[in-house]
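J.: Just so it is clear, I am handing over work18.pdb, which has PDB, C-alpha atoms and all ligand atoms.
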ATOM      1  CA  MET A 165      15.704 -29.276 -36.286  1.00  0.00           C
ATOM      2  CA  PRO A 166      14.929 -26.530 -33.793  1.00  0.00           C
ATOM      3  CA  LYS A 167      11.284 -26.217 -33.004  1.00  0.00           C
ATOM      4  CA  GLU A 168       9.661 -23.177 -34.585  1.00  0.00           C
ATOM      5  CA  LYS A 169       8.979 -20.548 -31.940  1.00  0.00           C
ATOM      6  CA  GLN A 170       5.342 -19.715 -31.587  1.00  0.00           C
ATOM      7  CA  PRO A 171       4.801 -15.975 -32.032  1.00  0.00           C
ATOM      8  CA  ILE A 172       3.284 -14.175 -29.062  1.00  0.00           C
ATOM      9  CA  LYS A 173      -0.156 -12.937 -29.941  1.00  0.00           C
ATOM     10  CA  ILE A 174      -2.486 -10.371 -28.463  1.00  0.00           C
ATOM     11  CA  GLY A 175      -4.586 -12.115 -25.862  1.00  0.00           C
ATOM     12  CA  ASP A 176      -1.926 -14.692 -24.987  1.00  0.00           C
ATOM     13  CA  ILE A 177      -1.542 -15.290 -21.287  1.00  0.00           C
ATOM     14  CA  VAL A 178       1.790 -16.092 -19.677  1.00  0.00           C
ATOM     15  CA  ASP A 179       1.548 -16.648 -15.925  1.00  0.00           C
ATOM     16  CA  ASP A 180      -0.223 -13.519 -14.582  1.00  0.00           C
ATOM     17  CA  LEU A 181       0.405 -11.423 -17.695  1.00  0.00           C
ATOM     18  CA  LYS A 182      -1.674 -10.960 -20.795  1.00  0.00           C
ATOM     19  CA  CYS A 183      -0.347  -9.633 -24.079  1.00  0.00           C
ATOM     20  CA  ILE A 184      -2.304  -6.512 -25.057  1.00  0.00           C
ATOM     21  CA  GLY A 185      -0.161  -5.196 -27.894  1.00  0.00           C
ATOM     22  CA  HIS A 186       3.321  -4.622 -29.221  1.00  0.00           C
ATOM     23  CA  ILE A 187       5.549  -1.695 -30.086  1.00  0.00           C
ATOM     24  CA  HIS A 188       8.917  -1.145 -31.689  1.00  0.00           C
ATOM     25  CA  LYS A 189      11.727   0.635 -29.913  1.00  0.00           C
ATOM     26  CA  HIS A 190      15.395   1.314 -30.425  1.00  0.00           C
ATOM     27  CA  LEU A 191      17.555  -0.448 -27.883  1.00  0.00           C
ATOM     28  CA  HIS A 192      21.333  -0.136 -28.242  1.00  0.00           C
ATOM     29  CA  LYS A 193      20.947   0.910 -31.893  1.00  0.00           C
ATOM     30  CA  ASN A 194      18.786  -2.109 -32.650  1.00  0.00           C
ATOM     31  CA  ARG A 195      15.164  -1.881 -33.494  1.00  0.00           C
ATOM     32  CA  VAL A 196      13.413  -4.376 -31.274  1.00  0.00           C
ATOM     33  CA  LYS A 197       9.891  -5.552 -30.898  1.00  0.00           C
ATOM     34  CA  LEU A 198       8.512  -5.262 -27.394  1.00  0.00           C
ATOM     35  CA  TYR A 199       5.326  -6.825 -26.173  1.00  0.00           C
ATOM     36  CA  VAL A 200       2.993  -4.830 -23.951  1.00  0.00           C
ATOM     37  CA  MET A 201       2.037  -7.175 -21.157  1.00  0.00           C
ATOM     38  CA  GLN A 202      -0.607  -6.357 -18.594  1.00  0.00           C
ATOM     39  CA  CYS A 203      -0.822  -7.980 -15.181  1.00  0.00           C
ATOM     40  CA  GLN A 204      -4.223  -9.608 -14.720  1.00  0.00           C
ATOM     41  CA  ILE A 205      -4.109  -9.030 -10.973  1.00  0.00           C
ATOM     42  CA  CYS A 206      -3.077  -5.392 -10.528  1.00  0.00           C
ATOM     43  CA  GLY A 207      -3.375  -3.991 -14.047  1.00  0.00           C
ATOM     44  CA  ARG A 208       0.209  -2.761 -14.349  1.00  0.00           C
ATOM     45  CA  LYS A 209       1.655  -2.796 -17.837  1.00  0.00           C
ATOM     46  CA  LYS A 210       5.180  -3.499 -18.934  1.00  0.00           C
ATOM     47  CA  GLU A 211       7.055  -3.802 -22.171  1.00  0.00           C
ATOM     48  CA  MET A 212       8.946  -7.030 -22.563  1.00  0.00           C
ATOM     49  CA  LEU A 213      11.081  -8.832 -25.098  1.00  0.00           C
ATOM     50  CA  SER A 214       9.718 -12.100 -26.376  1.00  0.00           C
ATOM     51  CA  SER A 215      12.814 -13.901 -25.068  1.00  0.00           C
ATOM     52  CA  THR A 216      12.111 -12.595 -21.566  1.00  0.00           C
ATOM     53  CA  ILE A 217       8.491 -13.673 -21.775  1.00  0.00           C
ATOM     54  CA  ARG A 218       9.480 -17.139 -22.992  1.00  0.00           C
ATOM     55  CA  ARG A 219      11.960 -17.475 -20.139  1.00  0.00           C
ATOM     56  CA  LYS A 220       9.061 -16.500 -17.854  1.00  0.00           C
ATOM     57  CA  ALA A 221      11.252 -13.912 -16.209  1.00  0.00           C
ATOM     58  CA  GLY A 222       9.096 -11.438 -14.301  1.00  0.00           C
ATOM     59  CA  THR A 223       5.834 -12.821 -15.607  1.00  0.00           C
ATOM     60  CA  THR A 224       4.123 -13.205 -12.229  1.00  0.00           C
ATOM     61  CA  HIS A 225       2.245 -10.567 -10.267  1.00  0.00           C
ATOM     62  CA  LYS A 226       4.864 -10.881  -7.537  1.00  0.00           C
ATOM     63  CA  ALA A 227       7.371  -9.317  -9.937  1.00  0.00           C
ATOM     64  CA  CYS A 228       5.152  -6.197 -10.185  1.00  0.00           C
ATOM     65  CA  GLY A 229       6.705  -5.175  -6.852  1.00  0.00           C
ATOM     66  CA  LYS A 230      10.126  -4.778  -8.386  1.00  0.00           C
ATOM     67  CA  GLY A 231      11.505  -1.355  -7.532  1.00  0.00           C
ATOM     68  CA  PHE A 232       8.786  -0.547  -4.993  1.00  0.00           C
ATOM     69  CA  LYS A 233      10.526  -1.987  -1.963  1.00  0.00           C
ATOM     70  CA  THR A 234      13.147   0.728  -1.874  1.00  0.00           C
ATOM     71  CA  LYS A 235      10.686   3.612  -2.305  1.00  0.00           C
ATOM     72  CA  ASP A 236       9.911   3.945   1.387  1.00  0.00           C
ATOM     73  CA  PRO A 237      12.166   1.857   3.645  1.00  0.00           C
ATOM     74  CA  ILE A 238       9.986   2.281   6.734  1.00  0.00           C
ATOM     75  CA  PHE A 239       6.848   1.192   4.933  1.00  0.00           C
ATOM     76  CA  TYR A 240       8.772  -1.818   3.647  1.00  0.00           C
ATOM     77  CA  ARG A 241       9.939  -2.616   7.183  1.00  0.00           C
ATOM     78  CA  ARG A 242       6.329  -2.555   8.412  1.00  0.00           C
ATOM     79  CA  TRP A 243       5.486  -5.171   5.789  1.00  0.00           C
ATOM     80  CA  GLN A 244       8.508  -7.315   6.662  1.00  0.00           C
ATOM     81  CA  ALA A 245       7.714  -7.194  10.374  1.00  0.00           C
ATOM     82  CA  MET A 246       4.092  -8.188   9.731  1.00  0.00           C
ATOM     83  CA  ARG A 247       5.224 -11.128   7.590  1.00  0.00           C
ATOM     84  CA  THR A 248       7.690 -12.236  10.262  1.00  0.00           C
ATOM     85  CA  ARG A 249       5.047 -12.065  12.973  1.00  0.00           C
ATOM     86  CA  THR A 250       2.581 -14.079  10.930  1.00  0.00           C
ATOM     87  CA  THR A 251       4.765 -16.616   9.142  1.00  0.00           C
ATOM     88  CA  ASN A 252       7.803 -17.358  11.303  1.00  0.00           C
ATOM     89  CA  GLU A 253       7.046 -20.047  13.852  1.00  0.00           C
ATOM     90  CA  ASN A 254      10.200 -19.156  15.710  1.00  0.00           C
ATOM     91  CA  TYR A 255       9.049 -15.591  16.217  1.00  0.00           C
ATOM     92  CA  HIS A 256       9.147 -14.908  19.959  1.00  0.00           C
ATOM     93  CA  ALA A 257       5.418 -14.153  20.100  1.00  0.00           C
ATOM     94  CA  ALA A 258       4.328 -16.817  17.601  1.00  0.00           C
ATOM     95  CA  ASN A 259       1.632 -17.971  20.021  1.00  0.00           C
ATOM     96  CA  ARG A 260      -0.114 -14.632  19.459  1.00  0.00           C
ATOM     97  CA  TYR A 261       0.122 -14.836  15.668  1.00  0.00           C
ATOM     98  CA  SER A 262       0.876 -17.860  13.495  1.00  0.00           C
ATOM     99  CA  LYS A 263      -0.236 -20.271  16.201  1.00  0.00           C
ATOM    100  CA  ARG A 264      -3.607 -18.499  16.429  1.00  0.00           C
ATOM    101  CA  ASN A 265      -3.944 -18.439  12.650  1.00  0.00           C
ATOM    102  CA  ILE A 266      -3.399 -14.691  12.527  1.00  0.00           C
ATOM    103  CA  HIS A 267      -2.041 -14.679   8.994  1.00  0.00           C
ATOM    104  CA  SER A 268      -1.337 -12.028   6.381  1.00  0.00           C
ATOM    105  CA  ASN A 269      -2.080 -14.032   3.252  1.00  0.00           C
ATOM    106  CA  GLU A 270      -3.716 -11.095   1.490  1.00  0.00           C
ATOM    107  CA  PHE A 271      -0.385  -9.279   1.773  1.00  0.00           C
ATOM    108  CA  ARG A 272       1.865 -12.203   0.885  1.00  0.00           C
ATOM    109  CA  TYR A 273       3.414 -10.103  -1.881  1.00  0.00           C
ATOM    110  CA  PHE A 274       4.754  -6.698  -1.001  1.00  0.00           C
ATOM    111  CA  ILE A 275       3.109  -5.158  -4.069  1.00  0.00           C
ATOM    112  CA  ASP A 276      -0.366  -5.929  -2.692  1.00  0.00           C
ATOM    113  CA  PHE A 277       0.487  -4.356   0.640  1.00  0.00           C
ATOM    114  CA  TYR A 278       1.785  -1.349  -1.284  1.00  0.00           C
ATOM    115  CA  ASP A 279      -1.324  -1.039  -3.450  1.00  0.00           C
ATOM    116  CA  LYS A 280      -3.761  -1.400  -0.559  1.00  0.00           C
ATOM    117  CA  MET A 281      -2.016   0.153   2.427  1.00  0.00           C
ATOM    118  CA  TYR A 282       0.458   2.757   1.173  1.00  0.00           C
ATOM    119  CA  LYS A 283      -1.985   5.605   0.676  1.00  0.00           C
ATOM    120  CA  SER A 284      -3.361   5.474   4.232  1.00  0.00           C
ATOM    121  CA  TYR A 285       0.149   4.987   5.626  1.00  0.00           C
ATOM    122  CA  LYS A 286       1.427   8.032   3.746  1.00  0.00           C
ATOM    123  CA  GLN A 287      -1.459  10.220   4.881  1.00  0.00           C
ATOM    124  CA  LEU A 288      -0.660   9.532   8.516  1.00  0.00           C
ATOM    125  CA  ALA A 289       3.130   9.422   8.071  1.00  0.00           C
ATOM    126  CA  ASP A 290       3.128  12.906   6.557  1.00  0.00           C
ATOM    127  CA  VAL A 291       1.461  14.205   9.706  1.00  0.00           C
ATOM    128  CA  ILE A 292       3.138  12.269  12.527  1.00  0.00           C
ATOM    129  CA  GLY A 293       6.387  11.100  10.883  1.00  0.00           C
ATOM    130  CA  SER A 294       6.906   7.685   9.302  1.00  0.00           C
ATOM    131  CA  GLU A 295       8.917   6.315  12.269  1.00  0.00           C
ATOM    132  CA  ASN A 296       5.859   6.818  14.467  1.00  0.00           C
ATOM    133  CA  THR A 297       3.492   4.778  12.333  1.00  0.00           C
ATOM    134  CA  SER A 298       2.312   1.410  13.504  1.00  0.00           C
ATOM    135  CA  LEU A 299       0.243  -1.151  11.651  1.00  0.00           C
ATOM    136  CA  GLU A 300      -2.607  -2.425  13.787  1.00  0.00           C
ATOM    137  CA  ARG A 301      -5.493  -4.799  13.403  1.00  0.00           C
ATOM    138  CA  ILE A 302      -8.950  -3.494  14.268  1.00  0.00           C
ATOM    139  CA  ASP A 303     -10.155  -6.909  15.397  1.00  0.00           C
ATOM    140  CA  ASN A 304      -7.365  -8.630  17.263  1.00  0.00           C
ATOM    141  CA  ASN A 305      -8.795 -12.063  16.481  1.00  0.00           C
ATOM    142  CA  LYS A 306      -8.758 -11.563  12.743  1.00  0.00           C
ATOM    143  CA  PRO A 307      -5.889 -11.710  10.245  1.00  0.00           C
ATOM    144  CA  TYR A 308      -4.119  -8.845   8.548  1.00  0.00           C
ATOM    145  CA  SER A 309      -6.247  -7.680   5.638  1.00  0.00           C
ATOM    146  CA  THR A 310      -7.286  -4.469   3.935  1.00  0.00           C
ATOM    147  CA  THR A 311     -10.472  -4.242   5.960  1.00  0.00           C
ATOM    148  CA  ASN A 312      -8.905  -5.200   9.292  1.00  0.00           C
ATOM    149  CA  CYS A 313      -5.830  -2.970   9.188  1.00  0.00           C
ATOM    150  CA  ILE A 314      -5.319   0.641  10.199  1.00  0.00           C
ATOM    151  CA  TRP A 315      -2.325   2.848  10.843  1.00  0.00           C
ATOM    152  CA  ILE A 316      -2.006   4.398  14.260  1.00  0.00           C
ATOM    153  CA  HIS A 317       0.556   6.329  16.257  1.00  0.00           C
ATOM    154  CA  LYS A 318       3.091   4.036  17.949  1.00  0.00           C
ATOM    155  CA  LYS A 319       2.242   5.696  21.233  1.00  0.00           C
ATOM    156  CA  ASP A 320      -1.243   4.237  20.978  1.00  0.00           C
ATOM    157  CA  GLN A 321      -0.005   0.661  21.137  1.00  0.00           C
ATOM    158  CA  PRO A 322      -0.984  -1.812  22.402  1.00  0.00           C
ATOM    159  CA  LYS A 323      -4.392  -0.426  23.280  1.00  0.00           C
ATOM    160  CA  HIS A 324      -6.592  -0.790  20.265  1.00  0.00           C
ATOM    161  CA  THR A 325      -7.934   2.697  20.202  1.00  0.00           C
ATOM    162  CA  SER A 326      -8.848   4.268  16.926  1.00  0.00           C
ATOM    163  CA  ARG A 327      -6.835   7.331  17.869  1.00  0.00           C
ATOM    164  CA  THR A 328      -4.330   8.286  15.247  1.00  0.00           C
ATOM    165  CA  VAL A 329      -3.555  11.932  15.836  1.00  0.00           C
ATOM    166  CA  THR A 330      -4.721  14.600  18.279  1.00  0.00           C
ATOM    167  CA  PHE A 331      -5.955  17.705  16.558  1.00  0.00           C
ATOM    168  CA  GLU A 332      -7.849  20.876  17.253  1.00  0.00           C
ATOM    169  CA  ALA A 333     -10.704  21.813  14.974  1.00  0.00           C
ATOM    170  CA  THR A 334     -11.966  25.375  14.828  1.00  0.00           C
ATOM    171  CA  PHE A 335     -15.585  25.327  13.724  1.00  0.00           C
ATOM    172  CA  PRO A 336     -17.135  27.828  11.291  1.00  0.00           C
ATOM    173  CA  ASP A 337     -18.764  29.594  14.287  1.00  0.00           C
ATOM    174  CA  GLY A 338     -15.344  29.995  15.949  1.00  0.00           C
ATOM    175  CA  HIS A 339     -15.567  27.448  18.771  1.00  0.00           C
ATOM    176  CA  LYS A 340     -12.770  24.918  19.123  1.00  0.00           C
ATOM    177  CA  GLU A 341     -12.830  21.211  19.872  1.00  0.00           C
ATOM    178  CA  THR A 342     -10.096  18.651  20.398  1.00  0.00           C
ATOM    179  CA  HIS A 343     -10.465  15.295  18.675  1.00  0.00           C
ATOM    180  CA  THR A 344      -8.415  12.210  17.971  1.00  0.00           C
ATOM    181  CA  ASN A 345     -10.342  10.352  15.309  1.00  0.00           C
ATOM    182  CA  ILE A 346     -10.128  11.999  11.899  1.00  0.00           C
ATOM    183  CA  SER A 347     -12.451   9.617  10.066  1.00  0.00           C
ATOM    184  CA  GLU A 348     -15.162   9.883  12.697  1.00  0.00           C
ATOM    185  CA  PHE A 349     -14.898  13.671  12.773  1.00  0.00           C
ATOM    186  CA  ALA A 350     -15.091  13.841   8.980  1.00  0.00           C
ATOM    187  CA  ARG A 351     -18.148  11.605   8.862  1.00  0.00           C
ATOM    188  CA  LYS A 352     -19.969  13.524  11.575  1.00  0.00           C
ATOM    189  CA  HIS A 353     -19.497  16.901   9.914  1.00  0.00           C
ATOM    190  CA  GLY A 354     -19.747  15.923   6.261  1.00  0.00           C
ATOM    191  CA  LEU A 355     -16.061  16.513   5.590  1.00  0.00           C
ATOM    192  CA  ASP A 356     -13.484  14.616   3.606  1.00  0.00           C
ATOM    193  CA  ASP A 357     -10.916  12.807   5.766  1.00  0.00           C
ATOM    194  CA  SER A 358      -8.145  13.052   3.156  1.00  0.00           C
ATOM    195  CA  THR A 359      -8.513  16.825   3.148  1.00  0.00           C
ATOM    196  CA  ILE A 360      -8.287  16.897   6.958  1.00  0.00           C
ATOM    197  CA  TYR A 361      -5.055  14.891   6.768  1.00  0.00           C
ATOM    198  CA  ASP A 362      -3.773  17.444   4.280  1.00  0.00           C
ATOM    199  CA  CYS A 363      -4.674  20.290   6.657  1.00  0.00           C
ATOM    200  CA  LEU A 364      -2.709  18.562   9.438  1.00  0.00           C
ATOM    201  CA  ASN A 365       0.269  17.882   7.180  1.00  0.00           C
ATOM    202  CA  PRO A 366       3.053  20.306   8.235  1.00  0.00           C
ATOM    203  CA  ASN A 367       4.366  20.329   4.668  1.00  0.00           C
ATOM    204  CA  LYS A 368       1.140  21.660   3.234  1.00  0.00           C
ATOM    205  CA  SER A 369       0.006  25.226   3.648  1.00  0.00           C
ATOM    206  CA  ASN A 370      -3.761  24.882   3.461  1.00  0.00           C
ATOM    207  CA  LYS A 371      -5.270  24.479   6.936  1.00  0.00           C
ATOM    208  CA  THR A 372      -8.938  24.999   6.196  1.00  0.00           C
ATOM    209  CA  HIS A 373     -11.628  22.760   4.804  1.00  0.00           C
ATOM    210  CA  LYS A 374     -15.245  23.889   4.388  1.00  0.00           C
ATOM    211  CA  GLN A 375     -14.689  26.724   6.883  1.00  0.00           C
ATOM    212  CA  PHE A 376     -13.186  24.390   9.485  1.00  0.00           C
ATOM    213  CA  THR A 377      -9.588  25.049  10.490  1.00  0.00           C
ATOM    214  CA  PHE A 378      -7.323  22.246  11.689  1.00  0.00           C
ATOM    215  CA  LYS A 379      -4.245  22.176  13.857  1.00  0.00           C
ATOM    216  CA  GLN A 380      -2.246  19.202  15.104  1.00  0.00           C
ATOM    217  CA  LEU A 381      -1.711  19.200  18.885  1.00  0.00           C
TER     218      LEU A 381
HETATM  219 ZN    ZN B 401       0.583  -7.273 -10.890  1.00  0.00          ZN
END
Could you render the structure as structure tokens?
T.:
Amino acid sequence: MPKEKQPIKIGDIVDDLKCIGHIHKHLHKNRVKLYVMQCQICGRKKEMLSSTIRRKAGTTHKACGKGFKTKDPIFYRRWQAMRTRTTNENYHAANRYSKRNIHSNEFRYFIDFYDKMYKSYKQLADVIGSENTSLERIDNNKPYSTTNCIWIHKKDQPKHTSRTVTFEATFPDGHKETHTNISEFARKHGLDDSTIYDCLNPNKSNKTHKQFTFKQL
């Protein structure tokens, strides 16, 4: 006799997913019951058939990255290159990475790199062009992690300067200054660095923020 299938209940956990509810939908003329499953790591929700859940297909957090890899090919390549540098012992410069324990464990899954690093990448890429972005570590002796990674202009490699983009700021009193560090400038003058990035973005029309005007040089 076939074993009775246990129903999936709210609160059940399968791998990284937790059942938080169910809905009914029409799929190919059939009314089907779908379970709303929420990832316990990143919070994403998806609707799944019980058969899929039982097969444990796509029930890990790693599967949350499905579809994201093709969104921005250059960003994906930056992740791949970082993983190669840090995990492949045959990489030509392995003595500078894996052999010094410079790992990227926090970003083992692409989805985590996407969730933690895409926003800052995009801010800079919109200003300088995605091909010019380079992922750098602030402290060269520490691994790749959210707190140790920044995006800089390729031209700034391999010197670990915090320069990302050269810009001219026109102050409220009219005088102009040239700077290279957006975050530092924002902090010093009580401005918001995201808004400065927006002002420097050639695709956006607003160039002023709290009476400061910004121009990329
Ligand atoms: Zn997830």
J.: Determine the residue set returned by the PyMOL selection byres (((chain A and resi 278) around 9) and not hetatm) for the present structure, and present it as a ChimeraX atom specification.
T.: /A:229,232-233,239-240,243,271,273-277,279-283
J.: Taking the file as I've supplied it (selection: the PyMOL selection byres (((chain A and resi 222) around 12) and not hetatm)), which residues are included? Please answer as a VMD selection string.
T.: chain A and resid 178 to 181 201 to 203 209 to 213 215 to 221 223 to 230
J.: Which value, in Å to one decimal, gives the distance between atom CA of A:Gly175 and atom CA of A:His188?
T.: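 Distance reported for this atom pair: 18.3 Å.
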J.: Where does the PyMOL selection byres (((chain A and resi 260-269) around 9) and not hetatm) land in this file, that is, which residues does it pick, as a list of chain:residue names?
T.: A:Met246, A:Arg247, A:Arg249, A:Thr250, A:Thr251, A:Asn252, A:Glu253, A:Tyr255, A:Ala257, A:Ala258, A:Asn259, A:Glu270, A:Phe271, A:Arg272, A:Tyr273, A:Asn304, A:Asn305, A:Lys306, A:Pro307, A:Tyr308, A:Ser309
J.: Tell me, as a PyMOL selection string, which residues lie within 12 Å of stretch 350-352 of chain A, counting only C-alpha atoms; anything in the same chain fewer than 5 positions away does not count.
T.: chain A and resi 333+343-345+357-361+373-374+376+378
J.: Hey, can you check how far atom CA of A:Gln375 sits from atom CA of A:Thr297?
T.: 29.0 Å
J.: For ligand ZN 401 (chain B), which residue out of A:Ile205, A:Val329, A:Ile316, A:Ile346 is the nearest one, using only C-alpha atoms and all ligand atoms?
T.: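 Counting only C-alpha atoms and all ligand atoms, the residue closest to ligand ZN 401 (chain B) is A:Ile205.
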J.: Point out the residue among A:Ile172, A:Ile238, A:Ala245, A:Ile302 with the least atom-to-atom distance to A:Tyr285, counting only C-alpha atoms.
T.: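 Closest candidate: A:Ile238.
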